[in-house]
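Below: one structure, written as structure tokens.
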Amino acid sequence: MTLSELAGISGDVGDFQVTVKEHPRYVDMDKCIACGECAAKCPKKVDSEYDAATGKRKAIYVKYAQAVPLKYQIDADNCIRFKKAGACGFCEKVCPAGAINFDDTEKIHQINVGAVILSPGFESFDPSAAGVWGYGRYPNVVTAMQFERYLSASGPTEGHLVRPSDGKEITKVAFLQCVGSRDENKCGNAYCSSVCCMYAIKEAVMAKDHVPGLRTSIFMMDMRTHGKDFDRYYQRAKDESGVRFVRCRVHGVEPEGESGDLRLHYINEEGRQVEEYFDLVVLSVGLQIPDHIKALADLTGVRLTNDRFAATSDFSPVSTSKKGIFTCGAFAGPKDIPQSVMEGSAAAAAVADVLAPARGQLSQEKTFPQERDVVNEEEKIGVFVCHCGSNIAGVVDVEAVADYAQTLPGVVHTERNLFSCSQDTQEQMVQTIKSKGLNRVVVAACTPRTHEPLFRETLKAAGLNEYLVEMANIRNQNSWVHSADPKSATAKAKDLVRMAVAKVARQISLQPISVPIIQKGLVIGGGIAGMAAALNMAEQGFEVHLVEKTESLGGNAVYLGHTWSGESIQDRAKKLIDQVQKNERIIIHKGFEVRQAEGFVGNFSTTIATRDGLTKTIEHGVGVVATGGRALRPKEYGYGRIPNVLTALEFDRLFKLKEQHAVKAKTVVFIQCVGSREGDRMYCSKVCCTHSVQSAIDLKQEDASRMVYILYRDMRTYGQRETLYKKARELGVIFINYETHGKPTVEVEHKQVNVGVWDHVLHRPLRIKADMVVLATAIVANPDAEKLNKIYKVSIDGDGFFQEAHAKLRPVDFATDGLFVAGLAHYPKPVEESVAQALAASGRAATLLSRSAVSLDAVKAEPDLRYCDGCALCIDVCPYHAIELVEVEADEAGQPHRYIKVNKAQCKGCGLCQGTCPKRGVVVQGFTMEQISSQIEAALAI
Amino acid sequence: MLDTQKVGSVMIVGGGITGMQAALDLADSGYYVYLVERSGAIGGAMAQLDKTFPTNDCSM
């Protein structure tokens with residue numbers, strides 16, 4: 001439901017009545033074919049929201065070329081017709097589909113739902129009100145979102161970096177961090193927006209790729225690259241890409257005469273005043289909750305924090321203050337893409353928790369017509385050539401390609417589409433396949449990686465076997481890379497189409513394999529993440545086995561005091577343990593470790609064992625790995641040698657127990673990044689800055705006369721944690737920045753512990769007489785990860801943490817289907833992120849557990865027993881352990897005969913076996929030798 | 001409320017990356033989903049991004 005807003009809500013969890021107001025589009029969605037004639041004729045130009053006002057759109061428009069739904073809409077506030085009755089109306093005249101409807105009206109829908117998820121997102125901070133940055137006054141001051149659009153091939157300059165004021169190529173860019181974040185004076189947003197440091201680095205690196213020799217400088221207070229692999233990227237940006245980082249907050253941008261250049265005035269790290277000139281200044285604007293989202297919160301009765309984000313508990317991070325209403329994404333605090341995706345799945349899991357009894361009540365299965373048998377039919381191939389807007393058609397002569405395709409053997413139909421993937425084209429394709437009796441289809445468009453599933457569905461809808469389609473990638477492998485040579489690109493497009501036609505002609509119908517699912521889950525690790533995942537799965541109605549290596553549940557939670565927002569971890573962990581233990585659907589295996597596993601999605605069999613050799617075998621359909629992490633035992637700063645040097649967890653315990661050394665300590669020094677962000681451990685442990693700041697606050701609040709120092713590299717109190725950093729400074733905690741080339745020293749002299757550090761404000765070395773030194777040690781991966789890596793074939797990264805399937809879009813899935821990861825085992829993270837990831841893992845698992853069978857792709861290896869002689873070479877190369885050797889007494893002479901057998905559920909159809917086999921004894925369906933040879937022949941044909 | 005009276009559908013307000021993920025997971029788990037989007041098309045802020053770390057995939 002687009003152009004729609006929540007207008008009212010009543011009822012309670014399980015049964016809400018929601019009023020949705022749908023604004024008029026003035027374009028009939030059923031009729032619009034997105035041909036673009038209307039926008040071409042529309043005389044009214046307006047700033048494009050999609051391009052963040054760097055480009056223009058018309059008053060009738062689609063948000064962007066790949067928009068879903070791809071239907072035009074009229075912006076009534078800007079349309080000439082709506083200003084003056086009877087005026088203009090060009091769009092209505094040119095629309096070939098008769099889709100324009102100026103009389104369209106607002107519609108009100110009453111919808112009955114069991115739960116509501118609020119995921120309204122955020123808006124970028126608008127820096128024009130605070131004049132200091134010159135935004136809105138000097139054209140060469142842009143926001144990061146605008147710069148993103150300038151970098152984009154689909155942006156206003158098609159990716160060419162030129163200055164907005166005069167079109168001059170950019171040679172020197174400055175990024176100013178924390179515009180609209182960590183700043184109460186100019187905007188009132190005290191919090192850190194969490195994502196801007198990383199996006200500024202990315203934009204700087206990308207910009208350097210666009211313009212060789214471009215000089216980029218990032219002006220920042222702290223570099224907050226706390227996410228997975230972010231610090232390595234930061235390091236590479238510095239060392240390899242040559243991005244300059246300057247630790248200084250710049251408070252103003254001034255124009256340099258009429259030239260368009262911009263002057264920055266700042267104090268460098270040596271304490272000197274510097275004036276520097278730039279072609280372009282990019283403002284790294286923060287995230288904030290706009291008024292319309294605040295109104296949504298008011299309407300739904302959801303409580304907000306002082307920073308206007310949805311208030312949540314760290315132990316239920318996607319539940320709002322209102323029962324049955326959930327949140328995910330930036331609404332509950334600024335966050336990046338992986339965290340937002342995780343929370344999306346987590347919110348789904350939380351909803352399923354309350355609505356479990358009603359599962360399947362209203363959902364509808366998509367049905368397809370009966371499949372047509374094409375075995376005895378002559379080839380009738382249809383070729384659909386996609387323009388992809390101007391992505392392909394802007395380079396390739398698509399008309400010539402389509403005409404050429406018509407001449408190829410077996411081709412009976414060709415046509416061109418503006419966007420072959422759009423909904424209306426899909427429907428037309430179905431009709432064409434039916435009316436022309438096509439039995440093979442070639443789509444010459446983009447990559448099968450993203451779009452083949454869609455075209456398979458199209459074939460199914462037309463009653464054809466879904467495997468009778470072949471894609472020719474004339475975009476990624478052609479128009480994008482050969483944009484400078486349209487003639488050759490057109491010739492290559494013809495080659496690619498010819499090859500695809502040759503291959504698809506030899507394609508046969510394949511049937512996907514259906515595998516039953518054991519509707520039980522296995523969770524490995526009984527810490528907070530493991531327990532949260534197990535509990536949610538159980539509440540959704542599934543049986544769960546929870547395996548914990550030690551004799552008690554709780555994991556690292558037993559060492560921790562409170563979350564950043566002050567919730568007691570002890571209390572909440574106890575409650576969680578209690579809930580897990582009382583839940584009838586959770587079977588707890590304490591003292592057991594995973595020893596062995598076999599199987600595949602829906603059908604795993606895991607053997608667990610105690611130290612004494614007691615073993616059990618668990619059959620399960622999905623698995624969640626939540627084996628946690630642990631604190632590093634440091635080897636520096638005199639730890640283990642000097643009694644007053646402690647790790648943060650050791651200090652917490654002493655402080656909690658009111659141990660006298662801790663109580664009497666008058667001067668306490670915290671050293672950050674002990675073991676993190678250097679050497680082989682080039683990652684941020686994410687929680688230590690906040691932890692030390694909290695401890696410092698506790699020390700100061702207990703005794704204000706104490707001297708408390710925090711020696712840090714970048715203070716990473718991201719998101720709303722920034723309030724703690726501010727509070728600590730207000731209480732008089734002293735923060736001293738250090739760099740890795742001048743790390744602090746800890747020495748003992750006459751029983752006195754001295755901490756040495758270079759003070760960047762005073763520009764001189766400082767010696768602190770400390771009563772206690774607290775080391776914020778790194779979180780390191782659990783060594784058990786390596787065992788599980790071998791047992792389940794789930795990958796781990798260079799730091800020993802588990803590797804998710806995709807950093808942004810599949811942050812809880814493993815590449816192995818049916819297995820998921822949560823908590824510290826994935827990367828260091830605070831409690832609320834662990835719980836969110838655990839819920840997400842459970843939510844993802846439920847998409848499998850709620851079905852009785854899973855359908856697997858039909859592209860699988862198939863032994864050809866005429867040729868296989870059981871040499872077993874393929875067994876060694878198969879990365880999925882899908883092939884086994886079978887021995888039978890089959891020979892007439894009574895000789896034992898060996899051949900291979902493929903487990904179809906484990907096989908991914910990668911084709912390594914086929915490439916390795918010297919005898920052609922194994923083929924991958926859909927990629928047979930015959931098909932590949934015909935493609936090669938077609939490639940060499942002209 | 002009795003469990004049997006619960007309604008097996010969910011409304012998601014906001015069609016950005018997080019709302020879409022929630023919608024997909026719920027639909028795949030057997031719930032009917034209403035995805036309500038304020039603008040003319042789903043996709044949210046991520047659709048505006050040129051490339052994303054670390055794969056440099058375009059955000060589409």
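Residues are named by chain letter and number: chains run A, B, ... in the order of the structure tokens, numbers start at 1 in each chain, and ligands are numbered from 1 in the order shown.
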
Test item: residues at most 8 Å from stretch 49-64 of chain A, only C-alpha atoms, excluding those fewer than 3 positions along its chain, as a PyMOL selection string: (chain A and resi 38-39+42-46+67+70-76+78-79+91+145-146+149-150+155-156) or (chain B and resi 40-41+48)

DSSP alpha helix (DSSP H) selection over stretch 577-779 of chain A, as a ChimeraX atom specification: /A:577-582,648-656,660-664,688-702,722-730

Contact residues (chain B, partner chain A, 6 Å, only C-alpha atoms) as a PyMOL selection string: chain B and resi 3+6-14+18-19+21-22+26+28-32+36-42+50

Non-local contacts of A:Asn644 (10 Å; only C-alpha atoms; under 3 positions in same chain excluded) as a ChimeraX atom specification: /A:638-641,647,651,661-662,665,668,752-753,770-774

Create the file for the chosen residues now, containing N, CA, C and O atoms and written as a compact mmCIF listing (two decimals), in the first residue's frame.
```txt
# COMPACT_ATOMS: atom_id res chain seq x y z
N GLY A 638 51.77 -4.27 32.04
CA GLY A 638 52.14 -4.87 33.32
C GLY A 638 51.07 -5.77 33.92
O GLY A 638 51.13 -6.14 35.10
N TYR A 639 50.10 -6.15 33.10
CA TYR A 639 49.03 -7.01 33.63
C TYR A 639 49.60 -8.35 34.08
O TYR A 639 50.42 -8.95 33.39
N GLY A 640 49.19 -8.80 35.23
CA GLY A 640 49.69 -10.06 35.77
C GLY A 640 50.94 -9.84 36.61
O GLY A 640 51.27 -10.65 37.47
N ARG A 641 51.64 -8.73 36.38
CA ARG A 641 52.87 -8.43 37.11
C ARG A 641 52.61 -7.36 38.17
O ARG A 641 53.04 -7.46 39.30
N THR A 647 41.78 -6.18 34.59
CA THR A 647 40.90 -6.06 33.42
C THR A 647 39.58 -5.44 33.88
O THR A 647 39.28 -5.42 35.09
N PHE A 651 37.85 -5.57 37.61
CA PHE A 651 37.57 -4.35 38.35
C PHE A 651 36.10 -4.28 38.75
O PHE A 651 35.76 -3.94 39.89
N HIS A 661 40.64 -2.15 48.04
CA HIS A 661 41.50 -1.49 47.07
C HIS A 661 40.68 -0.62 46.13
O HIS A 661 41.07 0.49 45.77
N ALA A 662 39.55 -1.18 45.72
CA ALA A 662 38.69 -0.44 44.80
C ALA A 662 38.05 0.75 45.51
O ALA A 662 37.97 1.85 44.98
N ALA A 665 40.65 3.50 46.14
CA ALA A 665 41.36 4.06 44.99
C ALA A 665 40.91 5.49 44.75
O ALA A 665 39.73 5.76 44.55
N VAL A 668 42.00 6.58 39.38
CA VAL A 668 41.78 5.38 38.56
C VAL A 668 41.99 5.76 37.09
O VAL A 668 41.46 6.76 36.62
N GLN A 752 54.68 2.76 43.66
CA GLN A 752 53.69 3.66 43.06
C GLN A 752 53.54 3.31 41.57
O GLN A 752 54.53 3.23 40.85
N VAL A 753 52.28 3.10 41.14
CA VAL A 753 52.05 2.83 39.72
C VAL A 753 51.94 4.17 38.99
O VAL A 753 51.12 5.02 39.35
N ALA A 770 48.71 6.47 39.64
CA ALA A 770 47.43 5.77 39.68
C ALA A 770 47.36 4.78 40.84
O ALA A 770 48.34 4.10 41.15
N ASP A 771 46.18 4.72 41.47
CA ASP A 771 45.95 3.68 42.48
C ASP A 771 45.46 2.41 41.83
O ASP A 771 45.59 1.32 42.37
N MET A 772 44.86 2.59 40.68
CA MET A 772 44.31 1.43 39.99
C MET A 772 44.29 1.71 38.49
O MET A 772 43.93 2.81 38.07
N VAL A 773 44.72 0.70 37.71
CA VAL A 773 44.68 0.84 36.25
C VAL A 773 43.74 -0.23 35.72
O VAL A 773 43.89 -1.41 36.04
N VAL A 774 42.74 0.19 34.94
CA VAL A 774 41.74 -0.75 34.43
C VAL A 774 41.90 -0.88 32.92
O VAL A 774 41.86 0.12 32.20
```

d(atom CA of A:Asp314, atom CA of A:Cys192) in Å: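 Taking atom CA of A:Asp314 as the start and atom CA of A:Cys192 as the end point, the length is 18.0 Å.
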
Tell me, which residues of chain B carry DSSP strand (DSSP E), written as a short mmCIF file (atom, residue, chain, number, x, y, z; two decimals) with N, CA and C atoms, in the first residue's frame?
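What ended up in result-v2.cif:
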```cif
data_model
loop_
_atom_site.label_atom_id
_atom_site.label_comp_id
_atom_site.auth_asym_id
_atom_site.auth_seq_id
_atom_site.Cartn_x
_atom_site.Cartn_y
_atom_site.Cartn_z
N SER B 9 -2.70 -11.60 10.87
CA SER B 9 -2.12 -10.67 9.91
C SER B 9 -1.39 -9.56 10.65
N VAL B 10 -0.47 -8.91 9.95
CA VAL B 10 0.39 -7.91 10.57
C VAL B 10 0.47 -6.70 9.65
N MET B 11 0.48 -5.52 10.28
CA MET B 11 0.70 -4.32 9.48
C MET B 11 2.09 -3.78 9.75
N ILE B 12 2.82 -3.50 8.68
CA ILE B 12 4.16 -2.92 8.81
C ILE B 12 4.11 -1.52 8.23
N VAL B 13 4.48 -0.56 9.04
CA VAL B 13 4.41 0.84 8.61
C VAL B 13 5.81 1.31 8.26
N TYR B 32 -0.22 -13.03 7.06
CA TYR B 32 -0.62 -12.12 5.99
C TYR B 32 -0.10 -10.73 6.36
N VAL B 33 0.59 -10.08 5.43
CA VAL B 33 1.26 -8.82 5.76
C VAL B 33 0.69 -7.66 4.95
N TYR B 34 0.39 -6.55 5.62
CA TYR B 34 0.07 -5.30 4.95
C TYR B 34 1.29 -4.40 5.10
N LEU B 35 1.95 -4.06 4.00
CA LEU B 35 3.11 -3.18 4.07
C LEU B 35 2.66 -1.78 3.63
N VAL B 36 2.67 -0.87 4.58
CA VAL B 36 2.17 0.48 4.33
C VAL B 36 3.35 1.43 4.13
#
```

Computed interatomic separation between atom CA of A:Glu270 and atom CA of A:Trp758 (Å):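 A separation of 12.1 Å between them.
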
Pick from A:Lys83, A:Arg215, A:Lys790, A:Lys294, whichever lies nearest to A:Ala310 using only C-alpha atoms: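 Of A:Lys83, A:Arg215, A:Lys790, A:Lys294, the one nearest A:Ala310 is A:Lys294, counting only C-alpha atoms.
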
Separation of atom CA of B:Ile17 from atom CA of A:Leu459 in Å: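 Separation between atom CA of A:Leu459 and atom CA of B:Ile17: 27.9 Å.
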
From A:Ala174, A:Ala489, A:Val594, A:Val854, residue lying nearest A:Val250 [only C-alpha atoms]: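 Smallest distance to A:Val250 is found for A:Ala174.
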